[in-house]
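Student: Sharing upload-v5.cif here; it has mmCIF, N, CA and C atoms.
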```
data_target
#
loop_
_atom_site.label_atom_id
_atom_site.label_comp_id
_atom_site.auth_asym_id
_atom_site.auth_seq_id
_atom_site.Cartn_x
_atom_site.Cartn_y
_atom_site.Cartn_z
N MET A 1 140.17 107.91 115.25
CA MET A 1 139.49 108.48 114.11
C MET A 1 139.16 107.40 113.09
N LYS A 2 140.15 106.50 112.82
CA LYS A 2 139.91 105.43 111.85
C LYS A 2 138.82 104.48 112.34
N SER A 3 138.79 104.22 113.63
CA SER A 3 137.78 103.30 114.15
C SER A 3 136.38 103.92 114.05
N ALA A 4 136.28 105.23 114.25
CA ALA A 4 134.99 105.90 114.10
C ALA A 4 134.52 105.84 112.66
N LEU A 5 135.42 106.05 111.72
CA LEU A 5 135.08 105.98 110.30
C LEU A 5 134.67 104.57 109.92
N LEU A 6 135.38 103.57 110.42
CA LEU A 6 135.04 102.18 110.15
C LEU A 6 133.66 101.85 110.70
N LEU A 7 133.33 102.34 111.88
CA LEU A 7 132.02 102.12 112.47
C LEU A 7 130.92 102.73 111.62
N ILE A 8 131.13 103.95 111.14
CA ILE A 8 130.13 104.62 110.30
C ILE A 8 129.93 103.85 109.00
N VAL A 9 131.01 103.44 108.36
CA VAL A 9 130.92 102.68 107.11
C VAL A 9 130.21 101.35 107.35
N SER A 10 130.50 100.67 108.45
CA SER A 10 129.86 99.40 108.77
C SER A 10 128.37 99.57 109.00
N LEU A 11 127.98 100.60 109.74
CA LEU A 11 126.56 100.86 109.97
C LEU A 11 125.84 101.17 108.68
N PHE A 12 126.47 101.92 107.79
CA PHE A 12 125.88 102.24 106.49
C PHE A 12 125.68 100.96 105.68
N ALA A 13 126.68 100.09 105.67
CA ALA A 13 126.58 98.83 104.92
C ALA A 13 125.47 97.95 105.46
N ILE A 14 125.33 97.88 106.78
CA ILE A 14 124.27 97.09 107.40
C ILE A 14 122.91 97.66 107.03
N SER A 15 122.75 98.98 107.08
CA SER A 15 121.45 99.59 106.77
C SER A 15 121.09 99.39 105.30
N CYS A 16 122.07 99.36 104.41
CA CYS A 16 121.79 99.16 102.98
C CYS A 16 121.37 97.73 102.70
N THR A 17 121.95 96.77 103.39
CA THR A 17 121.63 95.38 103.11
C THR A 17 120.37 94.92 103.83
N SER A 18 119.86 95.69 104.76
CA SER A 18 118.68 95.25 105.49
C SER A 18 117.38 95.63 104.77
N SER A 19 117.45 96.39 103.71
CA SER A 19 116.26 96.75 102.95
C SER A 19 115.83 95.59 102.08
N LYS A 20 114.53 95.41 101.96
CA LYS A 20 113.98 94.37 101.12
C LYS A 20 113.48 95.02 99.84
N GLU A 21 113.51 94.29 98.75
CA GLU A 21 113.01 94.83 97.49
C GLU A 21 111.56 94.42 97.31
N ALA A 22 110.71 95.38 97.03
CA ALA A 22 109.30 95.08 96.77
C ALA A 22 109.21 94.41 95.41
N GLU A 23 108.41 93.37 95.33
CA GLU A 23 108.24 92.66 94.07
C GLU A 23 107.27 93.44 93.19
N PHE A 24 107.72 93.78 92.01
CA PHE A 24 106.90 94.57 91.11
C PHE A 24 106.11 93.66 90.19
N GLU A 25 104.82 93.72 90.30
CA GLU A 25 103.91 92.95 89.45
C GLU A 25 102.98 93.92 88.76
N LYS A 26 103.23 94.21 87.48
CA LYS A 26 102.43 95.19 86.75
C LYS A 26 100.96 94.80 86.67
N SER A 27 100.68 93.54 86.35
CA SER A 27 99.29 93.18 86.06
C SER A 27 98.65 92.25 87.08
N SER A 28 99.44 91.57 87.91
CA SER A 28 98.85 90.57 88.79
C SER A 28 98.23 91.16 90.05
N GLY A 29 98.66 92.35 90.43
CA GLY A 29 98.11 92.96 91.65
C GLY A 29 98.66 92.36 92.92
N ASN A 30 99.80 91.65 92.84
CA ASN A 30 100.39 91.07 94.05
C ASN A 30 100.60 92.14 95.11
N ILE A 31 100.41 91.74 96.37
CA ILE A 31 100.59 92.66 97.49
C ILE A 31 101.94 92.38 98.13
N ASN A 32 102.73 93.44 98.30
CA ASN A 32 104.03 93.35 98.97
C ASN A 32 103.81 93.60 100.45
N LYS A 33 104.12 92.60 101.28
CA LYS A 33 103.84 92.70 102.72
C LYS A 33 105.13 92.95 103.50
N PHE A 34 105.05 93.91 104.42
CA PHE A 34 106.16 94.26 105.28
C PHE A 34 105.65 94.46 106.70
N LYS A 35 106.57 94.48 107.64
CA LYS A 35 106.23 94.73 109.05
C LYS A 35 106.61 96.16 109.39
N ILE A 36 105.95 96.71 110.40
CA ILE A 36 106.27 98.07 110.87
C ILE A 36 107.76 98.14 111.19
N GLY A 37 108.41 99.18 110.70
CA GLY A 37 109.84 99.36 110.92
C GLY A 37 110.71 98.82 109.79
N ASP A 38 110.15 97.95 108.94
CA ASP A 38 110.92 97.44 107.81
C ASP A 38 111.27 98.57 106.86
N LYS A 39 112.49 98.51 106.33
CA LYS A 39 112.90 99.42 105.27
C LYS A 39 112.90 98.60 103.99
N PHE A 40 112.38 99.16 102.91
CA PHE A 40 112.35 98.45 101.65
C PHE A 40 112.56 99.43 100.51
N TYR A 41 112.87 98.88 99.35
CA TYR A 41 113.07 99.73 98.18
C TYR A 41 112.39 99.14 96.97
N ILE A 42 112.07 100.00 96.04
CA ILE A 42 111.49 99.61 94.76
C ILE A 42 112.50 100.02 93.70
N ASN A 43 112.95 99.07 92.90
CA ASN A 43 113.97 99.31 91.89
C ASN A 43 113.32 99.38 90.51
N LEU A 44 113.59 100.47 89.79
CA LEU A 44 113.05 100.66 88.45
C LEU A 44 114.18 100.97 87.47
N SER A 45 114.07 100.42 86.26
CA SER A 45 115.06 100.66 85.22
C SER A 45 114.97 102.11 84.76
N GLU A 46 116.13 102.79 84.67
CA GLU A 46 116.15 104.20 84.28
C GLU A 46 117.46 104.49 83.56
N ASP A 47 117.45 104.37 82.24
CA ASP A 47 118.64 104.61 81.43
C ASP A 47 118.62 106.05 80.95
N HIS A 48 119.44 106.88 81.54
CA HIS A 48 119.45 108.32 81.22
C HIS A 48 119.87 108.62 79.79
N SER A 49 120.57 107.68 79.15
CA SER A 49 121.01 107.94 77.78
C SER A 49 119.94 107.62 76.74
N LYS A 50 118.86 106.90 77.16
CA LYS A 50 117.84 106.47 76.20
C LYS A 50 116.42 106.94 76.50
N ASP A 51 116.06 106.98 77.76
CA ASP A 51 114.66 107.28 78.06
C ASP A 51 114.51 108.17 79.28
N GLY A 52 113.28 108.35 79.74
CA GLY A 52 112.95 109.34 80.75
C GLY A 52 113.33 108.98 82.17
N LEU A 53 112.87 109.81 83.08
CA LEU A 53 113.16 109.67 84.51
C LEU A 53 111.89 109.27 85.26
N TRP A 54 112.06 108.39 86.25
CA TRP A 54 110.94 107.99 87.11
C TRP A 54 110.72 109.04 88.20
N SER A 55 109.46 109.30 88.50
CA SER A 55 109.12 110.15 89.63
C SER A 55 108.02 109.46 90.43
N ILE A 56 108.01 109.72 91.72
CA ILE A 56 107.02 109.11 92.61
C ILE A 56 105.82 110.04 92.74
N GLY A 57 104.63 109.45 92.74
CA GLY A 57 103.42 110.23 92.94
C GLY A 57 103.22 110.57 94.41
N ALA A 58 102.33 111.48 94.68
CA ALA A 58 102.10 111.93 96.06
C ALA A 58 100.87 111.27 96.68
N ALA A 59 100.28 110.29 96.01
CA ALA A 59 99.00 109.74 96.47
C ALA A 59 99.10 108.65 97.54
N HIS A 60 100.30 108.07 97.77
CA HIS A 60 100.37 107.01 98.77
C HIS A 60 100.15 107.57 100.18
N LYS A 61 99.71 106.70 101.08
CA LYS A 61 99.43 107.11 102.46
C LYS A 61 100.74 107.28 103.23
N ASN A 62 101.11 108.53 103.50
CA ASN A 62 102.36 108.82 104.20
C ASN A 62 102.36 108.31 105.63
N THR A 63 101.19 108.08 106.21
CA THR A 63 101.13 107.56 107.57
C THR A 63 101.46 106.07 107.61
N VAL A 64 101.28 105.37 106.48
CA VAL A 64 101.54 103.94 106.39
C VAL A 64 102.97 103.69 105.91
N VAL A 65 103.38 104.40 104.86
CA VAL A 65 104.69 104.23 104.24
C VAL A 65 105.33 105.59 104.07
N GLU A 66 106.57 105.72 104.55
CA GLU A 66 107.30 106.98 104.41
C GLU A 66 108.36 106.86 103.32
N TYR A 67 108.33 107.78 102.36
CA TYR A 67 109.37 107.85 101.34
C TYR A 67 110.61 108.46 101.98
N ILE A 68 111.77 107.80 101.83
CA ILE A 68 113.01 108.28 102.43
C ILE A 68 113.84 109.04 101.40
N ASN A 69 114.20 108.38 100.30
CA ASN A 69 115.00 109.01 99.25
C ASN A 69 115.06 108.10 98.04
N SER A 70 115.75 108.55 97.01
CA SER A 70 116.00 107.70 95.85
C SER A 70 117.47 107.80 95.49
N ILE A 71 118.00 106.68 94.96
CA ILE A 71 119.41 106.60 94.60
C ILE A 71 119.51 106.03 93.19
N TYR A 72 120.20 106.76 92.32
CA TYR A 72 120.40 106.32 90.94
C TYR A 72 121.69 105.53 90.83
N HIS A 73 121.65 104.42 90.10
CA HIS A 73 122.82 103.58 89.83
C HIS A 73 123.02 103.53 88.33
N SER A 74 124.20 103.90 87.85
CA SER A 74 124.43 103.98 86.41
C SER A 74 124.94 102.68 85.80
N THR A 75 125.11 101.63 86.60
CA THR A 75 125.59 100.36 86.07
C THR A 75 124.48 99.59 85.36
N ASN A 76 124.86 98.74 84.43
CA ASN A 76 123.91 97.89 83.70
C ASN A 76 122.78 98.67 83.04
N GLY A 77 123.09 99.78 82.40
CA GLY A 77 122.08 100.57 81.71
C GLY A 77 121.42 101.60 82.59
N GLY A 78 121.47 101.42 83.89
CA GLY A 78 120.92 102.38 84.84
C GLY A 78 119.64 101.92 85.50
N ASN A 79 119.50 102.23 86.76
CA ASN A 79 118.28 101.97 87.52
C ASN A 79 118.26 102.88 88.73
N VAL A 80 117.09 102.99 89.32
CA VAL A 80 116.94 103.85 90.49
C VAL A 80 116.21 103.08 91.59
N ASP A 81 116.71 103.22 92.83
CA ASP A 81 116.06 102.64 94.00
C ASP A 81 115.29 103.74 94.71
N PHE A 82 114.01 103.52 94.92
CA PHE A 82 113.18 104.41 95.75
C PHE A 82 113.07 103.75 97.11
N ASN A 83 113.59 104.40 98.16
CA ASN A 83 113.67 103.82 99.50
C ASN A 83 112.52 104.30 100.39
N PHE A 84 111.95 103.35 101.14
CA PHE A 84 110.79 103.61 101.99
C PHE A 84 110.98 102.95 103.35
N GLU A 85 110.15 103.39 104.31
CA GLU A 85 110.08 102.74 105.62
C GLU A 85 108.62 102.52 105.96
N ALA A 86 108.32 101.31 106.45
CA ALA A 86 106.97 100.96 106.89
C ALA A 86 106.72 101.61 108.23
N LYS A 87 105.69 102.47 108.33
CA LYS A 87 105.45 103.26 109.54
C LYS A 87 104.28 102.75 110.39
N ALA A 88 103.20 102.26 109.78
CA ALA A 88 102.02 101.86 110.55
C ALA A 88 101.23 100.82 109.76
N LYS A 89 100.39 100.07 110.46
CA LYS A 89 99.56 99.06 109.78
C LYS A 89 98.64 99.74 108.78
N GLY A 90 98.47 99.07 107.65
CA GLY A 90 97.57 99.59 106.63
C GLY A 90 98.00 99.12 105.25
N LYS A 91 97.29 99.62 104.25
CA LYS A 91 97.54 99.23 102.87
C LYS A 91 97.53 100.49 102.01
N THR A 92 98.44 100.56 101.04
CA THR A 92 98.51 101.73 100.17
C THR A 92 99.09 101.34 98.82
N GLU A 93 98.88 102.18 97.84
CA GLU A 93 99.48 102.02 96.52
C GLU A 93 100.55 103.09 96.36
N ILE A 94 101.71 102.68 95.85
CA ILE A 94 102.79 103.63 95.54
C ILE A 94 102.87 103.71 94.03
N LYS A 95 102.62 104.90 93.50
CA LYS A 95 102.54 105.09 92.06
C LYS A 95 103.75 105.87 91.54
N PHE A 96 104.23 105.44 90.39
CA PHE A 96 105.36 106.07 89.72
C PHE A 96 104.98 106.38 88.28
N SER A 97 105.64 107.38 87.72
CA SER A 97 105.50 107.64 86.29
C SER A 97 106.88 107.97 85.72
N LYS A 98 107.10 107.48 84.50
CA LYS A 98 108.36 107.73 83.79
C LYS A 98 108.05 108.73 82.69
N SER A 99 108.77 109.86 82.69
CA SER A 99 108.45 110.94 81.77
C SER A 99 109.70 111.53 81.13
N ILE A 100 109.50 112.08 79.95
CA ILE A 100 110.47 112.96 79.30
C ILE A 100 109.72 114.26 79.06
N ALA A 101 110.24 115.34 79.58
CA ALA A 101 109.57 116.65 79.51
C ALA A 101 108.15 116.48 80.04
N LEU A 102 107.14 116.75 79.26
CA LEU A 102 105.76 116.62 79.72
C LEU A 102 105.09 115.34 79.23
N ASP A 103 105.83 114.49 78.54
CA ASP A 103 105.28 113.25 78.01
C ASP A 103 105.50 112.10 78.97
N THR A 104 104.41 111.44 79.39
CA THR A 104 104.50 110.27 80.25
C THR A 104 104.70 109.04 79.37
N LEU A 105 105.76 108.30 79.62
CA LEU A 105 106.10 107.13 78.83
C LEU A 105 105.57 105.84 79.42
N GLU A 106 105.54 105.78 80.75
CA GLU A 106 105.18 104.55 81.43
C GLU A 106 104.70 104.86 82.84
N ARG A 107 103.85 103.99 83.37
CA ARG A 107 103.40 104.10 84.75
C ARG A 107 103.62 102.77 85.46
N ALA A 108 103.82 102.81 86.76
CA ALA A 108 104.00 101.60 87.57
C ALA A 108 103.31 101.81 88.89
N VAL A 109 102.66 100.75 89.39
CA VAL A 109 101.95 100.81 90.67
C VAL A 109 102.36 99.61 91.52
N PHE A 110 102.75 99.87 92.77
CA PHE A 110 103.08 98.83 93.73
C PHE A 110 102.05 98.89 94.85
N VAL A 111 101.50 97.73 95.21
CA VAL A 111 100.58 97.65 96.34
C VAL A 111 101.38 97.16 97.54
N VAL A 112 101.32 97.91 98.64
CA VAL A 112 102.09 97.59 99.84
C VAL A 112 101.14 97.49 101.02
N GLU A 113 101.30 96.42 101.81
CA GLU A 113 100.51 96.24 103.03
C GLU A 113 101.47 96.09 104.20
N ILE A 114 101.23 96.87 105.24
CA ILE A 114 102.05 96.81 106.44
C ILE A 114 101.25 96.06 107.51
N GLU A 115 101.88 95.02 108.04
CA GLU A 115 101.21 94.17 109.04
C GLU A 115 101.65 94.52 110.43
#
```
Would you kindly transcribe this structure into structure tokens?
Tutor:
Amino acid sequence: MKSALLLIVSLFAISCTSSKEAEFEKSSGNINKFKIGDKFYINLSEDHSKDGLWSIGAAHKNTVVEYINSIYHSTNGGNVDFNFEAKAKGKTEIKFSKSIALDTLERAVFVVEIE
């Protein structure tokens, strides 16, 4: 039983460390390049005690990039990882907005190309 639990924990640790972080460039338009099958995440600052929550838009091409989940981390003021998997060759924009109630505070766009 202990060896099965150790195996599960080890596989989880390996899968977490194999994700790459997409470089966020607000104004430069840099393209984040990944290969089919790569898992990557986009990390955004999200301090629940001071400001709004990030949400992902529905406009990205789901056939190129698949959204997996998001994980909030409360350390260092707070941030959230949006996890994705590269599914097929192509290029898409992943759009986010940070809001409180109905007020949008900030927007972010990542350009991703799958080779």
Student: Compile the contact shell of stretch 99-105 of chain A as a VMD selection string: residues with an atom at most 8 Å away, counting only C-alpha atoms, same-chain residues fewer than 4 positions apart removed.
Tutor: chain A and resid 51 to 55
Student: Which polymer residues, whether protein, DNA or RNA, lie within 6.5 Å of the coordinate (115.5, 106.5, 104.7) when you count all atoms listed in the file? List them as an mmCIF file with N, CA and C atoms, keeping the file's coordinate frame, using the chain letters and numbers from the file.
Tutor:
```
data_model
loop_
_atom_site.group_PDB
_atom_site.id
_atom_site.type_symbol
_atom_site.label_atom_id
_atom_site.label_comp_id
_atom_site.auth_asym_id
_atom_site.auth_seq_id
_atom_site.Cartn_x
_atom_site.Cartn_y
_atom_site.Cartn_z
ATOM 1 N N TYR A 67 108.330 107.780 102.360
ATOM 2 C CA TYR A 67 109.370 107.850 101.340
ATOM 3 C C TYR A 67 110.610 108.460 101.980
ATOM 4 N N ILE A 68 111.770 107.800 101.830
ATOM 5 C CA ILE A 68 113.010 108.280 102.430
ATOM 6 C C ILE A 68 113.840 109.040 101.400
ATOM 7 N N ASN A 69 114.200 108.380 100.300
ATOM 8 C CA ASN A 69 115.000 109.010 99.250
ATOM 9 C C ASN A 69 115.060 108.100 98.040
ATOM 10 N N ASN A 83 113.590 104.400 98.160
ATOM 11 C CA ASN A 83 113.670 103.820 99.500
ATOM 12 C C ASN A 83 112.520 104.300 100.390
ATOM 13 N N PHE A 84 111.950 103.350 101.140
ATOM 14 C CA PHE A 84 110.790 103.610 101.990
ATOM 15 C C PHE A 84 110.980 102.950 103.350
ATOM 16 N N GLU A 85 110.150 103.390 104.310
ATOM 17 C CA GLU A 85 110.080 102.740 105.620
ATOM 18 C C GLU A 85 108.620 102.520 105.960
#
```
Student: Hey, which of A:Asn79, A:Ser45, A:Ser74, A:Asn30 ends up closest to A:Glu93? Count only C-alpha atoms.
Tutor: A:Asn30
Student: One decimal, Å: what's the distance from atom CA of A:Asn32 over to atom N of A:Ile114, could you say?
Tutor: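 Atom-to-atom, atom CA of A:Asn32 to atom N of A:Ile114, that is 7.7 Å.
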Student: Give me the residues near A:Thr92 as a ChimeraX atom specification, where near means some atom within 5 Å (using all atoms listed in the file) and where sequence neighbours in that chain fewer than 2 positions away do not count.
Tutor: /A:90,94,111-112
Student: One decimal, Å: what's the distance from atom C of A:Ala86 over to atom C of A:Arg107, could you say?
Tutor: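 These atoms are spaced 23.0 Å apart.
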Student: Quick one: pull the distance between atom N of A:Ile31 and atom C of A:Glu113, Å, one decimal.
Tutor: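 Calculated distance between atom N of A:Ile31 and atom C of A:Glu113 is 9.0 Å.
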Student: Select from stretch 47-82 of chain A everything DSSP, run on the backbone, classes as strand (DSSP E), then give the selection as a VMD selection string.
Tutor: chain A and resid 53 to 56 65 to 73 79 to 82
Student: Write the residues of the selection above to a file with N, CA and C atoms, as a PDB file, keeping the file's coordinate frame.
Tutor:
```pdb
ATOM      1  N   LEU A  53     112.870 109.810  83.080  1.00  0.00           N
ATOM      2  CA  LEU A  53     113.160 109.670  84.510  1.00  0.00           C
ATOM      3  C   LEU A  53     111.890 109.270  85.260  1.00  0.00           C
ATOM      4  N   TRP A  54     112.060 108.390  86.250  1.00  0.00           N
ATOM      5  CA  TRP A  54     110.940 107.990  87.110  1.00  0.00           C
ATOM      6  C   TRP A  54     110.720 109.040  88.200  1.00  0.00           C
ATOM      7  N   SER A  55     109.460 109.300  88.500  1.00  0.00           N
ATOM      8  CA  SER A  55     109.120 110.150  89.630  1.00  0.00           C
ATOM      9  C   SER A  55     108.020 109.460  90.430  1.00  0.00           C
ATOM     10  N   ILE A  56     108.010 109.720  91.720  1.00  0.00           N
ATOM     11  CA  ILE A  56     107.020 109.110  92.610  1.00  0.00           C
ATOM     12  C   ILE A  56     105.820 110.040  92.740  1.00  0.00           C
ATOM     13  N   VAL A  65     103.380 104.400 104.860  1.00  0.00           N
ATOM     14  CA  VAL A  65     104.690 104.230 104.240  1.00  0.00           C
ATOM     15  C   VAL A  65     105.330 105.590 104.070  1.00  0.00           C
ATOM     16  N   GLU A  66     106.570 105.720 104.550  1.00  0.00           N
ATOM     17  CA  GLU A  66     107.300 106.980 104.410  1.00  0.00           C
ATOM     18  C   GLU A  66     108.360 106.860 103.320  1.00  0.00           C
ATOM     19  N   TYR A  67     108.330 107.780 102.360  1.00  0.00           N
ATOM     20  CA  TYR A  67     109.370 107.850 101.340  1.00  0.00           C
ATOM     21  C   TYR A  67     110.610 108.460 101.980  1.00  0.00           C
ATOM     22  N   ILE A  68     111.770 107.800 101.830  1.00  0.00           N
ATOM     23  CA  ILE A  68     113.010 108.280 102.430  1.00  0.00           C
ATOM     24  C   ILE A  68     113.840 109.040 101.400  1.00  0.00           C
ATOM     25  N   ASN A  69     114.200 108.380 100.300  1.00  0.00           N
ATOM     26  CA  ASN A  69     115.000 109.010  99.250  1.00  0.00           C
ATOM     27  C   ASN A  69     115.060 108.100  98.040  1.00  0.00           C
ATOM     28  N   SER A  70     115.750 108.550  97.010  1.00  0.00           N
ATOM     29  CA  SER A  70     116.000 107.700  95.850  1.00  0.00           C
ATOM     30  C   SER A  70     117.470 107.800  95.490  1.00  0.00           C
ATOM     31  N   ILE A  71     118.000 106.680  94.960  1.00  0.00           N
ATOM     32  CA  ILE A  71     119.410 106.600  94.600  1.00  0.00           C
ATOM     33  C   ILE A  71     119.510 106.030  93.190  1.00  0.00           C
ATOM     34  N   TYR A  72     120.200 106.760  92.320  1.00  0.00           N
ATOM     35  CA  TYR A  72     120.400 106.320  90.940  1.00  0.00           C
ATOM     36  C   TYR A  72     121.690 105.530  90.830  1.00  0.00           C
ATOM     37  N   HIS A  73     121.650 104.420  90.100  1.00  0.00           N
ATOM     38  CA  HIS A  73     122.820 103.580  89.830  1.00  0.00           C
ATOM     39  C   HIS A  73     123.020 103.530  88.330  1.00  0.00           C
ATOM     40  N   ASN A  79     119.500 102.230  86.760  1.00  0.00           N
ATOM     41  CA  ASN A  79     118.280 101.970  87.520  1.00  0.00           C
ATOM     42  C   ASN A  79     118.260 102.880  88.730  1.00  0.00           C
ATOM     43  N   VAL A  80     117.090 102.990  89.320  1.00  0.00           N
ATOM     44  CA  VAL A  80     116.940 103.850  90.490  1.00  0.00           C
ATOM     45  C   VAL A  80     116.210 103.080  91.590  1.00  0.00           C
ATOM     46  N   ASP A  81     116.710 103.220  92.830  1.00  0.00           N
ATOM     47  CA  ASP A  81     116.060 102.640  94.000  1.00  0.00           C
ATOM     48  C   ASP A  81     115.290 103.740  94.710  1.00  0.00           C
ATOM     49  N   PHE A  82     114.010 103.520  94.920  1.00  0.00           N
ATOM     50  CA  PHE A  82     113.180 104.410  95.750  1.00  0.00           C
ATOM     51  C   PHE A  82     113.070 103.750  97.110  1.00  0.00           C
TER      52      PHE A  82
END
```
Student: Identify which of the residues A:Phe110, A:Lys35, A:Ala58, A:Tyr72 lies closest to A:Lys89, counting all atoms listed in the file when measuring atom-to-atom distances.
Tutor: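 Among the listed residues, the smallest separation from A:Lys89 belongs to A:Lys35.
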Student: Of the residues A:Asp47, A:Glu21, A:Ser70, A:Phe96, which is the one nearest to A:Lys33, using only C-alpha atoms?
Tutor: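 Closest to A:Lys33, using only C-alpha atoms: A:Glu21.
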Student: What residues come out when you apply the PyMOL selection byres (((chain A and resi 65 and name CA) around 6) and name CA) to this file, written as number ranges by chain?
Tutor: A: 62-64, 66, 85-87
